[in-house]
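Peer 1: My structure is stored as model.cif, with mmCIF, C-alpha atoms, pLDDT in the B column; chains and numbers go by the auth columns.
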```cif
data_run
loop_
_atom_site.group_PDB
_atom_site.id
_atom_site.type_symbol
_atom_site.label_atom_id
_atom_site.label_comp_id
_atom_site.label_asym_id
_atom_site.label_seq_id
_atom_site.Cartn_x
_atom_site.Cartn_y
_atom_site.Cartn_z
_atom_site.B_iso_or_equiv
_atom_site.auth_seq_id
_atom_site.auth_asym_id
ATOM 1 C CA MET A 1 2.975 -27.026 4.756 74.00 1 A
ATOM 2 C CA THR A 2 4.884 -29.734 2.865 85.00 2 A
ATOM 3 C CA SER A 3 5.727 -27.356 0.006 90.00 3 A
ATOM 4 C CA VAL A 4 7.156 -24.841 2.492 92.00 4 A
ATOM 5 C CA PHE A 5 9.507 -27.407 4.009 91.00 5 A
ATOM 6 C CA LYS A 6 10.480 -28.718 0.561 94.00 6 A
ATOM 7 C CA ALA A 7 11.388 -25.140 -0.374 95.00 7 A
ATOM 8 C CA LEU A 8 13.371 -24.709 2.848 94.00 8 A
ATOM 9 C CA SER A 9 15.295 -27.957 2.291 95.00 9 A
ATOM 10 C CA ASP A 10 17.654 -26.329 -0.208 97.00 10 A
ATOM 11 C CA PRO A 11 20.459 -24.055 1.065 97.00 11 A
ATOM 12 C CA THR A 12 20.279 -21.776 -1.988 97.00 12 A
ATOM 13 C CA ARG A 13 16.571 -21.146 -1.428 97.00 13 A
ATOM 14 C CA ARG A 14 17.176 -20.495 2.278 96.00 14 A
ATOM 15 C CA GLN A 15 19.835 -17.956 1.331 97.00 15 A
ATOM 16 C CA VAL A 16 17.432 -16.261 -1.113 98.00 16 A
ATOM 17 C CA LEU A 17 14.912 -15.913 1.726 96.00 17 A
ATOM 18 C CA GLN A 18 17.619 -14.444 3.977 96.00 18 A
ATOM 19 C CA MET A 19 18.518 -11.900 1.302 97.00 19 A
ATOM 20 C CA LEU A 20 14.873 -10.929 0.798 97.00 20 A
ATOM 21 C CA ARG A 21 14.510 -10.225 4.526 94.00 21 A
ATOM 22 C CA ALA A 22 16.353 -6.957 3.812 96.00 22 A
ATOM 23 C CA GLY A 23 13.722 -5.980 1.245 96.00 23 A
ATOM 24 C CA PRO A 24 12.542 -6.652 -2.309 97.00 24 A
ATOM 25 C CA MET A 25 15.201 -7.497 -4.890 97.00 25 A
ATOM 26 C CA GLY A 26 15.339 -7.965 -8.625 96.00 26 A
ATOM 27 C CA ALA A 27 15.788 -11.415 -10.133 95.00 27 A
ATOM 28 C CA GLY A 28 19.077 -10.423 -11.748 93.00 28 A
ATOM 29 C CA ALA A 29 20.588 -9.079 -8.526 95.00 29 A
ATOM 30 C CA LEU A 30 19.555 -12.212 -6.665 95.00 30 A
ATOM 31 C CA ALA A 31 20.839 -14.544 -9.388 94.00 31 A
ATOM 32 C CA ASP A 32 24.179 -12.711 -9.569 94.00 32 A
ATOM 33 C CA SER A 33 24.741 -13.538 -5.888 95.00 33 A
ATOM 34 C CA PHE A 34 24.953 -17.271 -6.627 95.00 34 A
ATOM 35 C CA ALA A 35 27.353 -19.392 -8.667 95.00 35 A
ATOM 36 C CA VAL A 36 24.551 -21.155 -10.540 94.00 36 A
ATOM 37 C CA SER A 37 22.952 -20.623 -13.936 93.00 37 A
ATOM 38 C CA LYS A 38 19.999 -18.291 -14.410 91.00 38 A
ATOM 39 C CA PRO A 39 17.709 -21.229 -15.354 94.00 39 A
ATOM 40 C CA THR A 40 18.671 -22.931 -12.076 95.00 40 A
ATOM 41 C CA MET A 41 17.852 -19.748 -10.143 96.00 41 A
ATOM 42 C CA SER A 42 14.565 -19.496 -12.021 95.00 42 A
ATOM 43 C CA ALA A 43 13.719 -23.020 -10.861 97.00 43 A
ATOM 44 C CA HIS A 44 14.537 -22.027 -7.265 97.00 44 A
ATOM 45 C CA PHE A 45 12.289 -18.959 -7.568 98.00 45 A
ATOM 46 C CA SER A 46 9.490 -21.176 -8.918 97.00 46 A
ATOM 47 C CA VAL A 47 9.726 -23.508 -5.907 98.00 47 A
ATOM 48 C CA LEU A 48 9.631 -20.539 -3.502 98.00 48 A
ATOM 49 C CA ILE A 49 6.620 -19.047 -5.302 97.00 49 A
ATOM 50 C CA ALA A 50 4.807 -22.414 -5.315 97.00 50 A
ATOM 51 C CA ALA A 51 5.370 -22.620 -1.543 96.00 51 A
ATOM 52 C CA ASP A 52 3.964 -19.071 -1.267 96.00 52 A
ATOM 53 C CA LEU A 53 7.151 -17.921 0.501 96.00 53 A
ATOM 54 C CA ILE A 54 7.856 -15.169 -2.027 97.00 54 A
ATOM 55 C CA GLU A 55 5.860 -13.172 -4.514 97.00 55 A
ATOM 56 C CA ALA A 56 6.983 -11.838 -7.873 98.00 56 A
ATOM 57 C CA GLU A 57 6.005 -8.571 -9.498 97.00 57 A
ATOM 58 C CA LYS A 58 6.995 -7.647 -13.022 96.00 58 A
ATOM 59 C CA SER A 59 8.268 -4.084 -13.345 90.00 59 A
ATOM 60 C CA GLY A 60 9.116 -3.411 -16.975 94.00 60 A
ATOM 61 C CA ARG A 61 11.635 -6.073 -17.955 94.00 61 A
ATOM 62 C CA THR A 62 12.581 -6.783 -14.346 94.00 62 A
ATOM 63 C CA ILE A 63 10.997 -9.227 -11.924 96.00 63 A
ATOM 64 C CA ILE A 64 11.014 -8.039 -8.320 98.00 64 A
ATOM 65 C CA TYR A 65 10.763 -10.668 -5.573 98.00 65 A
ATOM 66 C CA ARG A 66 9.386 -10.036 -2.072 97.00 66 A
ATOM 67 C CA LEU A 67 9.470 -12.255 1.008 96.00 67 A
ATOM 68 C CA LYS A 68 6.126 -13.330 2.481 94.00 68 A
ATOM 69 C CA MET A 69 7.285 -13.743 6.079 90.00 69 A
ATOM 70 C CA SER A 70 3.806 -14.502 7.440 88.00 70 A
ATOM 71 C CA VAL A 71 3.633 -17.735 5.425 87.00 71 A
ATOM 72 C CA LEU A 72 6.971 -18.880 6.829 84.00 72 A
ATOM 73 C CA GLU A 73 5.904 -18.000 10.378 87.00 73 A
ATOM 74 C CA GLU A 74 2.595 -19.872 10.004 88.00 74 A
ATOM 75 C CA ALA A 75 4.334 -22.998 8.682 86.00 75 A
ATOM 76 C CA LEU A 76 6.884 -23.026 11.485 85.00 76 A
ATOM 77 C CA MET A 77 4.248 -22.445 14.173 89.00 77 A
ATOM 78 C CA GLY A 78 2.036 -25.160 12.649 87.00 78 A
ATOM 79 C CA PHE A 79 4.938 -27.601 12.629 86.00 79 A
ATOM 80 C CA ALA A 80 5.777 -26.801 16.247 88.00 80 A
ATOM 81 C CA ALA A 81 2.123 -27.170 17.269 89.00 81 A
ATOM 82 C CA ALA A 82 2.023 -30.632 15.690 88.00 82 A
ATOM 83 C CA PHE A 83 4.637 -31.636 18.270 88.00 83 A
ATOM 84 C CA GLY A 84 2.935 -29.909 21.180 86.00 84 A
ATOM 85 C CA LEU A 85 5.243 -26.896 21.185 84.00 85 A
ATOM 86 C CA GLN A 86 3.960 -23.362 21.396 79.00 86 A
ATOM 87 C CA LEU A 87 5.866 -20.607 19.608 70.00 87 A
ATOM 88 C CA SER A 88 5.259 -16.888 19.716 68.00 88 A
ATOM 89 C CA SER A 89 5.264 -14.834 16.532 61.00 89 A
ATOM 90 C CA GLU A 90 6.738 -11.914 18.467 61.00 90 A
ATOM 91 C CA THR A 91 10.367 -11.047 17.851 48.00 91 A
ATOM 92 C CA PRO A 92 12.429 -12.559 20.669 48.00 92 A
ATOM 93 C CA THR A 93 14.634 -10.325 22.760 42.00 93 A
ATOM 94 C CA THR A 94 18.021 -11.654 23.676 39.00 94 A
ATOM 95 C CA THR A 95 20.535 -10.832 26.347 40.00 95 A
ATOM 96 C CA ALA A 96 24.203 -11.627 26.537 42.00 96 A
ATOM 97 C CA PRO A 97 25.156 -14.648 28.650 45.00 97 A
ATOM 98 C CA GLY A 98 25.282 -13.713 32.324 48.00 98 A
ATOM 99 C CA GLN A 99 23.157 -10.594 31.866 44.00 99 A
ATOM 100 C CA THR A 100 19.585 -10.123 32.966 46.00 100 A
ATOM 101 C CA LYS A 101 16.915 -8.067 31.278 45.00 101 A
ATOM 102 C CA GLU A 102 16.251 -4.680 32.811 46.00 102 A
ATOM 103 C CA LYS A 103 12.797 -4.185 34.235 43.00 103 A
ATOM 104 C CA SER A 104 11.021 -1.030 33.147 41.00 104 A
#
```
Take the structure I supplied and represent it as structure tokens, if you would.

Peer 2:
Amino acid sequence: MTSVFKALSDPTRRQVLQMLRAGPMGAGALADSFAVSKPTMSAHFSVLIAADLIEAEKSGRTIIYRLKMSVLEEALMGFAAAFGLQLSSETPTTTAPGQTKEKS
């Protein structure tokens, strides 16, 4: 769990995870979205892979990264449980302030 939170401590890595929520992306496309060098992005990818938050697949000369959401969910639920909190892995439904949910 420590490696997951170390990976999440950096805003660039958090943004990479946000981008990968939309689907797999190539290393070049991800790196081009940030104002840092390619070696720096490579180091960020290495930290995320070591934390098991993303996986990499080589496709020709391109590396495709995919988010491993279940690992992130498990780490967050484990952290919450350590403090006596219980989280659900279900997607929360939200309502606008002042509105109530309709009963079906």

Peer 1: Evaluate the PyMOL selection byres ((chain A and resi 72-78) around 7) against this structure - the residues, as a list in words, please.

Peer 2: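 Written out, the selection comes to Met1, Leu53, Met69, Ser70, Val71, Phe79, Ala80, Ala81, Ala82, Leu87 and Ser89 of chain A.
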
Peer 1: Quick one: distance from CA of Ala35 in chain A to CA of Glu55 in chain A in Å, one decimal?

Peer 2: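 Separation between CA of Ala35 in chain A and CA of Glu55 in chain A: 22.8 Å.
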
Peer 1: Just checking: using only C-alpha atoms, which residue out of A:Leu17, A:Asp32, A:Phe83, A:Val47 ends up closest to Arg66 in chain A?

Peer 2: A:Leu17

Peer 1: Between CA of Lys58 in chain A and CA of Ser37 in chain A, what distance in Å does the model show, to one decimal?

Peer 2: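 So the two atoms, CA of Lys58 in chain A and CA of Ser37 in chain A, lie 20.6 Å apart.
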
Peer 1: List the residues matched by the PyMOL selection byres ((chain A and resi 26) around 12) in the displayed structure as a PyMOL selection string, ordered by chain and then by residue number.

Peer 2: chain A and resi 16+19-20+23-25+27-33+45+55-66

Peer 1: For CA of Leu67 in chain A and CA of Ile54 in chain A, quote the distance in Å rounded to one decimal.

Peer 2: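 Between these atoms lies a distance of 4.5 Å.
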
Peer 1: Which residue, A:Leu48, A:Lys38, A:Gln86, A:Lys68, has the smallest gap to Ala7 in chain A when you use all atoms listed in the file?

Peer 2: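 Of A:Leu48, A:Lys38, A:Gln86, A:Lys68, the one nearest Ala7 in chain A is A:Leu48, counting all atoms listed in the file.
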
Peer 1: Just checking: using only C-alpha atoms, which residue out of A:Pro39, A:His44, A:Ala50, A:Leu85 ends up closest to Pro11 in chain A?

Peer 2: A:His44

Peer 1: As AutoDock Vina command-line options, what would the box around range 73-90 of chain A look like: edges along x, y and z, 5 Å added on every side, centre and edge lengths in Å to one decimal?

Peer 2:
```
--center_x 4.5 --center_y -21.8 --center_z 15.0 --size_x 14.9 --size_y 29.7 --size_z 22.7
```

Peer 1: Counting all atoms listed in the file, which residue out of A:Thr12, A:Arg21, A:Lys6, A:Gly84 sits closest to Met41 in chain A?

Peer 2: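 Closest to Met41 in chain A, using all atoms listed in the file: A:Thr12.
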